[in-house]
Structure formats: C-alpha cells, structure tokens
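This is target25.pdb (PDB, C-alpha atoms, pLDDT in the B column).
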ATOM      1  CA  MET A  28      -0.866  -0.074 -13.394  1.00 60.00           C
ATOM      2  CA  SER A  29      -4.398   0.216 -14.821  1.00 66.00           C
ATOM      3  CA  HIS A  30      -7.306   0.969 -12.464  1.00 73.00           C
ATOM      4  CA  ALA A  31      -9.202  -1.889 -14.165  1.00 77.00           C
ATOM      5  CA  ALA A  32      -6.888  -4.344 -12.435  1.00 83.00           C
ATOM      6  CA  LEU A  33      -7.810  -3.090  -8.951  1.00 88.00           C
ATOM      7  CA  PRO A  34     -10.848  -5.388  -8.273  1.00 90.00           C
ATOM      8  CA  ALA A  35      -8.813  -8.485  -9.135  1.00 92.00           C
ATOM      9  CA  LEU A  36      -5.949  -7.297  -6.929  1.00 91.00           C
ATOM     10  CA  VAL A  37      -8.358  -6.660  -4.038  1.00 93.00           C
ATOM     11  CA  PHE A  38      -9.827 -10.162  -4.392  1.00 95.00           C
ATOM     12  CA  LEU A  39      -6.346 -11.717  -4.416  1.00 91.00           C
ATOM     13  CA  VAL A  40      -5.186  -9.692  -1.419  1.00 91.00           C
ATOM     14  CA  ALA A  41      -8.336 -10.505   0.585  1.00 93.00           C
ATOM     15  CA  ALA A  42      -8.054 -14.234  -0.149  1.00 91.00           C
ATOM     16  CA  LEU A  43      -4.385 -14.487   0.724  1.00 86.00           C
ATOM     17  CA  TYR A  44      -4.400 -12.250   3.788  1.00 87.00           C
ATOM     18  CA  SER A  45      -7.547 -13.754   5.269  1.00 89.00           C
ATOM     19  CA  SER A  46      -5.963 -17.204   5.015  1.00 86.00           C
ATOM     20  CA  VAL A  47      -3.588 -16.091   7.820  1.00 83.00           C
ATOM     21  CA  GLY A  48      -6.231 -14.126   9.762  1.00 86.00           C
ATOM     22  CA  HIS A  49      -5.401 -10.695   8.351  1.00 87.00           C
ATOM     23  CA  GLY A  50      -7.728  -8.101   6.839  1.00 88.00           C
ATOM     24  CA  GLY A  51      -5.360  -7.091   4.041  1.00 86.00           C
ATOM     25  CA  ALA A  52      -5.045  -3.323   4.611  1.00 84.00           C
ATOM     26  CA  SER A  53      -1.355  -3.228   3.729  1.00 81.00           C
ATOM     27  CA  GLY A  54      -2.101  -5.184   0.556  1.00 86.00           C
ATOM     28  CA  TYR A  55      -4.937  -2.824  -0.411  1.00 88.00           C
ATOM     29  CA  LEU A  56      -2.613   0.122   0.239  1.00 84.00           C
ATOM     30  CA  ALA A  57      -0.033  -1.472  -2.051  1.00 83.00           C
ATOM     31  CA  ALA A  58      -2.620  -2.094  -4.780  1.00 87.00           C
ATOM     32  CA  LEU A  59      -4.018   1.446  -4.529  1.00 85.00           C
ATOM     33  CA  ALA A  60      -0.523   2.939  -4.558  1.00 82.00           C
ATOM     34  CA  LEU A  61       0.424   0.938  -7.642  1.00 82.00           C
ATOM     35  CA  CYS A  62      -2.780   2.187  -9.326  1.00 81.00           C
ATOM     36  CA  GLY A  63      -1.876   5.808  -8.558  1.00 79.00           C
ATOM     37  CA  TYR A  64      -4.403   6.780  -5.860  1.00 77.00           C
ATOM     38  CA  ALA A  65      -3.786   9.584  -3.350  1.00 73.00           C
ATOM     39  CA  PRO A  66      -2.744   8.681   0.226  1.00 69.00           C
ATOM     40  CA  ALA A  67      -5.912  10.203   1.764  1.00 66.00           C
ATOM     41  CA  GLU A  68      -8.172   8.014  -0.377  1.00 71.00           C
ATOM     42  CA  MET A  69      -5.937   5.010   0.217  1.00 78.00           C
ATOM     43  CA  LYS A  70      -6.022   5.094   4.025  1.00 75.00           C
ATOM     44  CA  THR A  71      -9.801   5.403   4.382  1.00 79.00           C
ATOM     45  CA  SER A  72     -10.580   2.856   1.680  1.00 83.00           C
ATOM     46  CA  ALA A  73      -8.070   0.328   3.001  1.00 84.00           C
ATOM     47  CA  LEU A  74      -9.485   0.513   6.531  1.00 82.00           C
ATOM     48  CA  LEU A  75     -13.069   0.015   5.331  1.00 87.00           C
ATOM     49  CA  LEU A  76     -12.086  -3.051   3.297  1.00 91.00           C
ATOM     50  CA  ASN A  77     -10.022  -4.222   6.256  1.00 90.00           C
ATOM     51  CA  LEU A  78     -13.054  -4.107   8.553  1.00 91.00           C
ATOM     52  CA  LEU A  79     -15.034  -6.258   6.141  1.00 93.00           C
ATOM     53  CA  VAL A  80     -12.398  -8.935   5.532  1.00 95.00           C
ATOM     54  CA  ALA A  81     -11.091  -9.092   9.114  1.00 94.00           C
ATOM     55  CA  GLY A  82     -14.652  -9.597  10.349  1.00 95.00           C
ATOM     56  CA  ILE A  83     -15.170 -12.480   7.933  1.00 96.00           C
ATOM     57  CA  ALA A  84     -11.829 -14.018   8.894  1.00 94.00           C
ATOM     58  CA  PHE A  85     -12.579 -13.750  12.618  1.00 95.00           C
ATOM     59  CA  VAL A  86     -15.952 -15.494  12.260  1.00 95.00           C
ATOM     60  CA  ASN A  87     -14.417 -18.381  10.316  1.00 93.00           C
ATOM     61  CA  TYR A  88     -11.447 -18.835  12.647  1.00 92.00           C
ATOM     62  CA  ARG A  89     -13.606 -18.649  15.770  1.00 94.00           C
ATOM     63  CA  ARG A  90     -16.069 -21.176  14.359  1.00 92.00           C
ATOM     64  CA  ALA A  91     -13.142 -23.502  13.718  1.00 90.00           C
ATOM     65  CA  GLY A  92     -12.055 -23.145  17.366  1.00 91.00           C
ATOM     66  CA  HIS A  93      -8.996 -20.962  16.790  1.00 90.00           C
ATOM     67  CA  PHE A  94      -9.451 -18.052  19.191  1.00 93.00           C
ATOM     68  CA  ASN A  95      -8.187 -17.276  22.706  1.00 93.00           C
ATOM     69  CA  ALA A  96     -10.165 -14.452  24.330  1.00 93.00           C
ATOM     70  CA  ARG A  97      -7.831 -14.230  27.330  1.00 92.00           C
ATOM     71  CA  LEU A  98      -4.843 -13.574  25.113  1.00 93.00           C
ATOM     72  CA  PHE A  99      -6.780 -11.197  22.858  1.00 95.00           C
ATOM     73  CA  TRP A 100      -8.343  -8.738  25.299  1.00 95.00           C
ATOM     74  CA  PRO A 101      -5.185  -7.231  26.874  1.00 94.00           C
ATOM     75  CA  PHE A 102      -3.798  -6.506  23.396  1.00 95.00           C
ATOM     76  CA  ALA A 103      -7.104  -5.004  22.261  1.00 93.00           C
ATOM     77  CA  VAL A 104      -7.829  -2.821  25.298  1.00 94.00           C
ATOM     78  CA  ALA A 105      -4.387  -1.194  25.099  1.00 94.00           C
ATOM     79  CA  SER A 106      -4.419  -0.836  21.322  1.00 92.00           C
ATOM     80  CA  ILE A 107      -7.825   0.778  20.726  1.00 89.00           C
ATOM     81  CA  PRO A 108      -7.041   4.239  22.224  1.00 90.00           C
ATOM     82  CA  ALA A 109      -3.553   4.125  20.711  1.00 90.00           C
ATOM     83  CA  ALA A 110      -4.975   3.375  17.248  1.00 85.00           C
ATOM     84  CA  PHE A 111      -7.457   6.245  17.638  1.00 85.00           C
ATOM     85  CA  VAL A 112      -4.601   8.630  18.520  1.00 87.00           C
ATOM     86  CA  GLY A 113      -2.559   7.332  15.587  1.00 85.00           C
ATOM     87  CA  GLY A 114      -5.473   7.974  13.250  1.00 80.00           C
ATOM     88  CA  LEU A 115      -5.698  11.572  14.499  1.00 82.00           C
ATOM     89  CA  MET A 116      -2.074  12.299  13.632  1.00 83.00           C
ATOM     90  CA  LYS A 117      -1.359  14.355  10.548  1.00 78.00           C
ATOM     91  CA  ILE A 118       1.677  12.833   8.900  1.00 79.00           C
ATOM     92  CA  ALA A 119       3.904  14.433   6.264  1.00 80.00           C
ATOM     93  CA  PRO A 120       3.767  12.604   2.901  1.00 76.00           C
ATOM     94  CA  SER A 121       7.422  11.568   3.128  1.00 80.00           C
ATOM     95  CA  VAL A 122       6.959  10.170   6.647  1.00 82.00           C
ATOM     96  CA  TYR A 123       3.767   8.398   5.613  1.00 78.00           C
ATOM     97  CA  ALA A 124       5.566   6.833   2.639  1.00 79.00           C
ATOM     98  CA  GLY A 125       8.301   5.541   4.933  1.00 83.00           C
ATOM     99  CA  LEU A 126       5.826   4.102   7.449  1.00 79.00           C
ATOM    100  CA  LEU A 127       3.782   2.507   4.675  1.00 76.00           C
ATOM    101  CA  ALA A 128       6.899   0.963   3.139  1.00 82.00           C
ATOM    102  CA  PHE A 129       7.811  -0.448   6.563  1.00 82.00           C
ATOM    103  CA  ALA A 130       4.302  -1.889   6.965  1.00 77.00           C
ATOM    104  CA  LEU A 131       4.475  -3.493   3.518  1.00 77.00           C
ATOM    105  CA  VAL A 132       7.873  -5.056   4.241  1.00 85.00           C
ATOM    106  CA  ALA A 133       6.572  -6.372   7.575  1.00 80.00           C
ATOM    107  CA  ALA A 134       3.542  -7.854   5.822  1.00 75.00           C
ATOM    108  CA  ALA A 135       5.713  -9.392   3.104  1.00 80.00           C
ATOM    109  CA  LEU A 136       8.019 -11.047   5.616  1.00 79.00           C
ATOM    110  CA  ARG A 137       5.019 -12.380   7.569  1.00 73.00           C
ATOM    111  CA  LEU A 138       3.675 -13.954   4.376  1.00 72.00           C
ATOM    112  CA  ILE A 139       6.985 -15.288   3.051  1.00 79.00           C
ATOM    113  CA  LEU A 140       8.370 -16.792   6.257  1.00 71.00           C
ATOM    114  CA  PRO A 141       7.016 -20.120   7.537  1.00 70.00           C
ATOM    115  CA  ASP A 142       4.928 -20.251  10.709  1.00 62.00           C
ATOM    116  CA  PHE A 143       7.199 -20.880  13.666  1.00 58.00           C
ATOM    117  CA  LYS A 144       5.872 -23.108  16.431  1.00 57.00           C
ATOM    118  CA  LYS A 145       6.640 -23.635  20.076  1.00 54.00           C
ATOM    119  CA  SER A 146       5.674 -26.957  21.621  1.00 62.00           C
ATOM    120  CA  THR A 147       3.755 -25.385  24.519  1.00 76.00           C
ATOM    121  CA  PRO A 148       2.447 -21.843  23.938  1.00 79.00           C
ATOM    122  CA  SER A 149       2.902 -19.577  26.954  1.00 84.00           C
ATOM    123  CA  PRO A 150       0.979 -16.243  26.998  1.00 86.00           C
ATOM    124  CA  PRO A 151       2.745 -13.057  28.184  1.00 92.00           C
ATOM    125  CA  ASN A 152       2.011 -11.213  31.415  1.00 92.00           C
ATOM    126  CA  LEU A 153      -0.341  -8.216  31.437  1.00 93.00           C
ATOM    127  CA  PRO A 154       2.258  -5.372  31.229  1.00 94.00           C
ATOM    128  CA  ILE A 155       3.920  -6.955  28.194  1.00 96.00           C
ATOM    129  CA  SER A 156       0.546  -7.537  26.501  1.00 95.00           C
ATOM    130  CA  ALA A 157      -0.454  -3.914  27.129  1.00 94.00           C
ATOM    131  CA  ALA A 158       2.854  -2.550  25.804  1.00 95.00           C
ATOM    132  CA  VAL A 159       2.689  -4.659  22.652  1.00 95.00           C
ATOM    133  CA  GLY A 160      -0.975  -3.746  22.102  1.00 94.00           C
ATOM    134  CA  ALA A 161      -0.384  -0.009  22.549  1.00 94.00           C
ATOM    135  CA  GLY A 162       2.652   0.051  20.270  1.00 91.00           C
ATOM    136  CA  THR A 163       1.042  -1.883  17.456  1.00 90.00           C
ATOM    137  CA  GLY A 164      -2.196   0.102  17.829  1.00 88.00           C
ATOM    138  CA  LEU A 165      -0.430   3.460  17.510  1.00 90.00           C
ATOM    139  CA  LEU A 166       1.526   2.393  14.450  1.00 84.00           C
ATOM    140  CA  SER A 167      -1.520   0.842  12.798  1.00 81.00           C
ATOM    141  CA  GLY A 168      -3.567   4.016  13.285  1.00 82.00           C
ATOM    142  CA  MET A 169      -0.803   6.174  11.823  1.00 83.00           C
ATOM    143  CA  VAL A 170      -0.332   4.011   8.738  1.00 78.00           C
ATOM    144  CA  GLY A 171      -3.951   3.019   8.125  1.00 73.00           C
ATOM    145  CA  VAL A 172      -3.769  -0.724   8.754  1.00 76.00           C
ATOM    146  CA  GLY A 173      -5.310  -2.967  11.396  1.00 78.00           C
ATOM    147  CA  GLY A 174      -2.070  -3.944  13.115  1.00 82.00           C
ATOM    148  CA  GLY A 175      -2.204  -7.691  12.541  1.00 81.00           C
ATOM    149  CA  ILE A 176       0.905  -7.542  10.358  1.00 79.00           C
ATOM    150  CA  PHE A 177       2.771  -6.263  13.417  1.00 82.00           C
ATOM    151  CA  LEU A 178       1.054  -8.330  16.119  1.00 87.00           C
ATOM    152  CA  SER A 179       0.987 -11.808  14.605  1.00 83.00           C
ATOM    153  CA  PRO A 180       4.760 -12.141  13.990  1.00 79.00           C
ATOM    154  CA  ILE A 181       5.383 -11.069  17.606  1.00 85.00           C
ATOM    155  CA  VAL A 182       2.876 -13.591  18.987  1.00 86.00           C
ATOM    156  CA  ILE A 183       4.232 -16.457  16.880  1.00 78.00           C
ATOM    157  CA  LEU A 184       7.932 -15.701  17.335  1.00 75.00           C
ATOM    158  CA  CYS A 185       7.503 -15.268  21.104  1.00 84.00           C
ATOM    159  CA  GLY A 186       5.593 -18.544  21.349  1.00 84.00           C
ATOM    160  CA  TRP A 187       2.488 -16.995  22.908  1.00 90.00           C
ATOM    161  CA  ALA A 188       0.085 -19.007  20.699  1.00 87.00           C
ATOM    162  CA  ASP A 189       0.117 -21.464  17.819  1.00 83.00           C
ATOM    163  CA  ALA A 190      -0.244 -20.222  14.251  1.00 79.00           C
ATOM    164  CA  LYS A 191      -4.000 -20.756  13.851  1.00 84.00           C
ATOM    165  CA  THR A 192      -4.902 -19.285  17.245  1.00 89.00           C
ATOM    166  CA  THR A 193      -2.669 -16.325  16.356  1.00 87.00           C
ATOM    167  CA  ALA A 194      -4.661 -15.908  13.139  1.00 87.00           C
ATOM    168  CA  GLY A 195      -7.964 -15.813  15.059  1.00 92.00           C
ATOM    169  CA  ILE A 196      -6.592 -13.291  17.559  1.00 94.00           C
ATOM    170  CA  SER A 197      -5.107 -11.175  14.777  1.00 90.00           C
ATOM    171  CA  ALA A 198      -8.409 -11.030  12.896  1.00 93.00           C
ATOM    172  CA  ALA A 199     -10.238  -9.702  15.968  1.00 95.00           C
ATOM    173  CA  PHE A 200      -7.360  -7.323  16.781  1.00 94.00           C
ATOM    174  CA  ILE A 201      -7.372  -5.983  13.227  1.00 91.00           C
ATOM    175  CA  TRP A 202     -11.107  -5.353  13.332  1.00 92.00           C
ATOM    176  CA  VAL A 203     -11.123  -3.302  16.542  1.00 90.00           C
ATOM    177  CA  ASN A 204      -8.038  -1.317  15.529  1.00 85.00           C
ATOM    178  CA  SER A 205      -9.338  -0.617  12.033  1.00 84.00           C
ATOM    179  CA  ALA A 206     -12.530   0.775  13.570  1.00 86.00           C
ATOM    180  CA  ALA A 207     -10.581   2.945  16.036  1.00 84.00           C
ATOM    181  CA  GLY A 208      -8.146   4.166  13.378  1.00 78.00           C
ATOM    182  CA  LEU A 209     -10.992   4.980  10.980  1.00 78.00           C
ATOM    183  CA  LEU A 210     -12.772   7.039  13.652  1.00 81.00           C
ATOM    184  CA  GLY A 211      -9.547   8.950  14.289  1.00 76.00           C
ATOM    185  CA  GLN A 212      -9.082   9.663  10.583  1.00 70.00           C
ATOM    186  CA  LEU A 213     -12.679  10.838  10.153  1.00 73.00           C
ATOM    187  CA  ARG A 214     -12.315  13.172  13.156  1.00 72.00           C
ATOM    188  CA  GLN A 215      -9.502  15.034  11.403  1.00 64.00           C
ATOM    189  CA  GLY A 216     -11.556  15.526   8.249  1.00 61.00           C
ATOM    190  CA  MET A 217     -10.077  12.892   5.980  1.00 56.00           C
ATOM    191  CA  PRO A 218     -11.693  12.786   2.513  1.00 56.00           C
ATOM    192  CA  GLY A 219     -14.198  10.053   1.795  1.00 55.00           C
ATOM    193  CA  ALA A 220     -13.221   6.671   0.483  1.00 57.00           C
ATOM    194  CA  LEU A 221     -13.354   5.554  -3.109  1.00 62.00           C
ATOM    195  CA  SER A 222     -16.534   4.048  -4.520  1.00 68.00           C
ATOM    196  CA  LEU A 223     -16.191   0.776  -2.638  1.00 75.00           C
ATOM    197  CA  TRP A 224     -19.126  -1.409  -3.699  1.00 82.00           C
ATOM    198  CA  PRO A 225     -17.266  -3.304  -6.458  1.00 86.00           C
ATOM    199  CA  LEU A 226     -14.141  -3.575  -4.320  1.00 89.00           C
ATOM    200  CA  ALA A 227     -16.148  -4.640  -1.245  1.00 91.00           C
ATOM    201  CA  LEU A 228     -17.781  -7.489  -3.172  1.00 93.00           C
ATOM    202  CA  CYS A 229     -14.384  -8.686  -4.389  1.00 94.00           C
ATOM    203  CA  ALA A 230     -12.919  -8.374  -0.885  1.00 94.00           C
ATOM    204  CA  ALA A 231     -15.823 -10.272   0.702  1.00 95.00           C
ATOM    205  CA  ALA A 232     -15.521 -13.118  -1.812  1.00 96.00           C
ATOM    206  CA  GLY A 233     -11.768 -13.315  -1.291  1.00 94.00           C
ATOM    207  CA  GLY A 234     -12.150 -13.156   2.486  1.00 94.00           C
ATOM    208  CA  LEU A 235     -14.674 -16.002   2.574  1.00 95.00           C
ATOM    209  CA  ILE A 236     -12.504 -18.262   0.439  1.00 93.00           C
ATOM    210  CA  GLY A 237      -9.191 -17.428   2.080  1.00 89.00           C
ATOM    211  CA  SER A 238     -10.309 -17.625   5.707  1.00 90.00           C
ATOM    212  CA  ASN A 239     -12.080 -20.950   5.145  1.00 90.00           C
ATOM    213  CA  VAL A 240      -8.919 -22.395   3.606  1.00 85.00           C
ATOM    214  CA  GLY A 241      -6.732 -20.967   6.354  1.00 82.00           C
ATOM    215  CA  ALA A 242      -8.948 -22.042   9.249  1.00 84.00           C
ATOM    216  CA  ARG A 243      -9.686 -25.579   8.033  1.00 80.00           C
ATOM    217  CA  ARG A 244      -6.892 -26.525   5.607  1.00 73.00           C
ATOM    218  CA  LEU A 245      -3.233 -25.917   4.956  1.00 58.00           C
ATOM    219  CA  THR A 246      -2.181 -22.400   4.025  1.00 57.00           C
ATOM    220  CA  PRO A 247      -1.018 -22.076   0.396  1.00 54.00           C
ATOM    221  CA  MET A 248       2.569 -20.986   1.056  1.00 66.00           C
ATOM    222  CA  GLY A 249       3.375 -20.579  -2.638  1.00 65.00           C
ATOM    223  CA  LEU A 250       0.645 -17.975  -3.104  1.00 57.00           C
ATOM    224  CA  ARG A 251       1.596 -16.232   0.143  1.00 67.00           C
ATOM    225  CA  ARG A 252       5.180 -15.926  -1.061  1.00 71.00           C
ATOM    226  CA  LEU A 253       4.043 -14.558  -4.408  1.00 62.00           C
ATOM    227  CA  LEU A 254       2.005 -11.855  -2.672  1.00 64.00           C
ATOM    228  CA  GLY A 255       4.942 -11.147  -0.371  1.00 75.00           C
ATOM    229  CA  ALA A 256       7.140 -10.527  -3.412  1.00 76.00           C
ATOM    230  CA  VAL A 257       4.545  -8.109  -4.825  1.00 64.00           C
ATOM    231  CA  LEU A 258       4.439  -6.207  -1.528  1.00 74.00           C
ATOM    232  CA  LEU A 259       8.215  -5.916  -1.471  1.00 82.00           C
ATOM    233  CA  VAL A 260       8.158  -4.429  -4.958  1.00 70.00           C
ATOM    234  CA  ALA A 261       5.443  -1.982  -3.918  1.00 68.00           C
ATOM    235  CA  ALA A 262       7.425  -1.005  -0.792  1.00 78.00           C
ATOM    236  CA  TYR A 263      10.480  -0.335  -2.941  1.00 76.00           C
ATOM    237  CA  LYS A 264       8.448   1.893  -5.303  1.00 65.00           C
ATOM    238  CA  ILE A 265       6.852   3.833  -2.433  1.00 67.00           C
ATOM    239  CA  ALA A 266       9.944   4.374  -0.252  1.00 65.00           C
TER
END

Have the structure of the file written as structure tokens, please.
Amino acid sequence: MSHAALPALVFLVAALYSSVGHGGASGYLAALALCGYAPAEMKTSALLLNLLVAGIAFVNYRRAGHFNARLFWPFAVASIPAAFVGGLMKIAPSVYAGLLAFALVAAALRLILPDFKKSTPSPPNLPISAAVGAGTGLLSGMVGVGGGIFLSPIVILCGWADAKTTAGISAAFIWVNSAAGLLGQLRQGMPGALSLWPLALCAAAGGLIGSNVGARRLTPMGLRRLLGAVLLVAAYKIA
C-alpha cells in the first residue's frame, strides 16, 4: 500500500476507535504494517498517536458523564508498572508478529461485535481488578498498544460497567498505559518515531469527531465492522 494513503488511514482509525473510547494503536500498527514500515518505528509512532487520541477521547467521554474513577484506578495502578516492564522487553520479530496479530484480531472482534449489556453493572473486587490490570498492562507494553482493546471486552462481557462508561474508563486506561509503555521502549533505546506532525493532525481531527459521536450519539456499527474487517486482513498478512 502507498505511503500517501497513511494520513487518511490514520484519520479513519482515530475516528472509529475514539468512538468506542480507544486510542487506535492497533489500527495505526495495522496501517503502518500495510505501508511497509519497520516494527521499531511502528511501536513508537503508534504509542505517540495513541496518547493524543486517547486523551481527546477521555476528555469527551468524561465531559459527557461516562467515567467511573473507582472502577478505573485499580486497573490503572496495577497496569502501569506492568506496561513499563512490557515496554522494556526485547521481543523476537516472529513473536512480535504473533502478538501484534493477536492484538489486531482482538481489536477487530471488539469493533465487529455488538456492545453487550447487563441490567445492573457490578464492579469486580480489588484482587480481580489488579490481576486484569496487570495482565492487560504487560501485554499492551509488549505489543505497543494502550490495552483498551483487551480491557474493554472484559469489562463489558463481565458486566462491570455499561458500554459508554467502559469507553471512558478504557480511554483513561489507554492513556496511562501508552505513557508507561513508551517510557519502557525509550529506556531500551528504541529508534525515534516517524515524522508525526501530519499524522498527529489527522489523528487529532479523527479523535475529536469520533469521540464526540461515540460519547453523545449512537456508534456507527457499519463503519466499525468495516474497520474490523480491515484489521482482520492486516492480522492475516502479519501472522
């Protein structure tokens, strides 16, 4: 795929992911992989874009009243050191490709499947929250994503929060884990990111549009499913 298509892909990914409270790292990784970039450039660039879009999504979801700090903090406190450790790990290219393919499939399923609801959300106890936070944090740091693609399906399927509150929690979770994972990657001497100004502008525009739609209106399931199909194709090519 031509590099000229990358800004448009980044805008699309940011808009669609932010509509469900995600930063889009797995989507950026898919777009960069399809455009032929090296894994080292991909991980750093995806995390930087993730920080930007997840921050925008969190602000919009919190302003709309879709955030539960009590549910968020146990996940976050356990995940931050785990994400830092995951970012420090040096992973063989074949292992990285497998983990990235898994992350893309998880993201695709999250986008394709409808949001499941439980009539009365019931948050987990502290040990379960800590275990889930640590596990998702470690995996997100290793792969170079914020972890929302792993956390939000668990929260929704377990009935710990409704879909929009899950989106607000995921956006905050993604931001703190992206920051921790990026610090871990920089500590091990990862190369710098791509020239991000054009991509950052596209990501910011997409994030503003998508998170406003997601927080205040219905989520466009047709577009989510289209992006999910693209991610499945990318996972197949990478694996």

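Proximity to Arg97 (chain A) at 10 Å, evaluated using only C-alpha atoms and with sequence-adjacent residues fewer than 3 positions away removed, yields Phe94, Trp100, Pro101, Phe102, Pro150 and Ile196 of chain A.
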
Problem set entry | Selection: 8 Å around Val170 (chain A), only C-alpha atoms, excl. self and same-chain fewer than 5 positions, as a PyMOL selection string | chain A and resi 70+113-114+123+126-127+130

For this session: State, in Å with one decimal place, the distance from CA of Leu165 (chain A) to CA of Gly211 (chain A).
Result: 11.1 Å

Exercise. Just so the selection is clear, what residues does the PyMOL selection byres ((chain A and resi 69) around 12) cover here, as a ChimeraX atom specification?
Worked result: /A:52-68,70-77,123-124,127,170-172,209,212,217-223

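When CA of Val112 (chain A) is paired with CA of Gly175 (chain A), their separation reads 17.5 Å.
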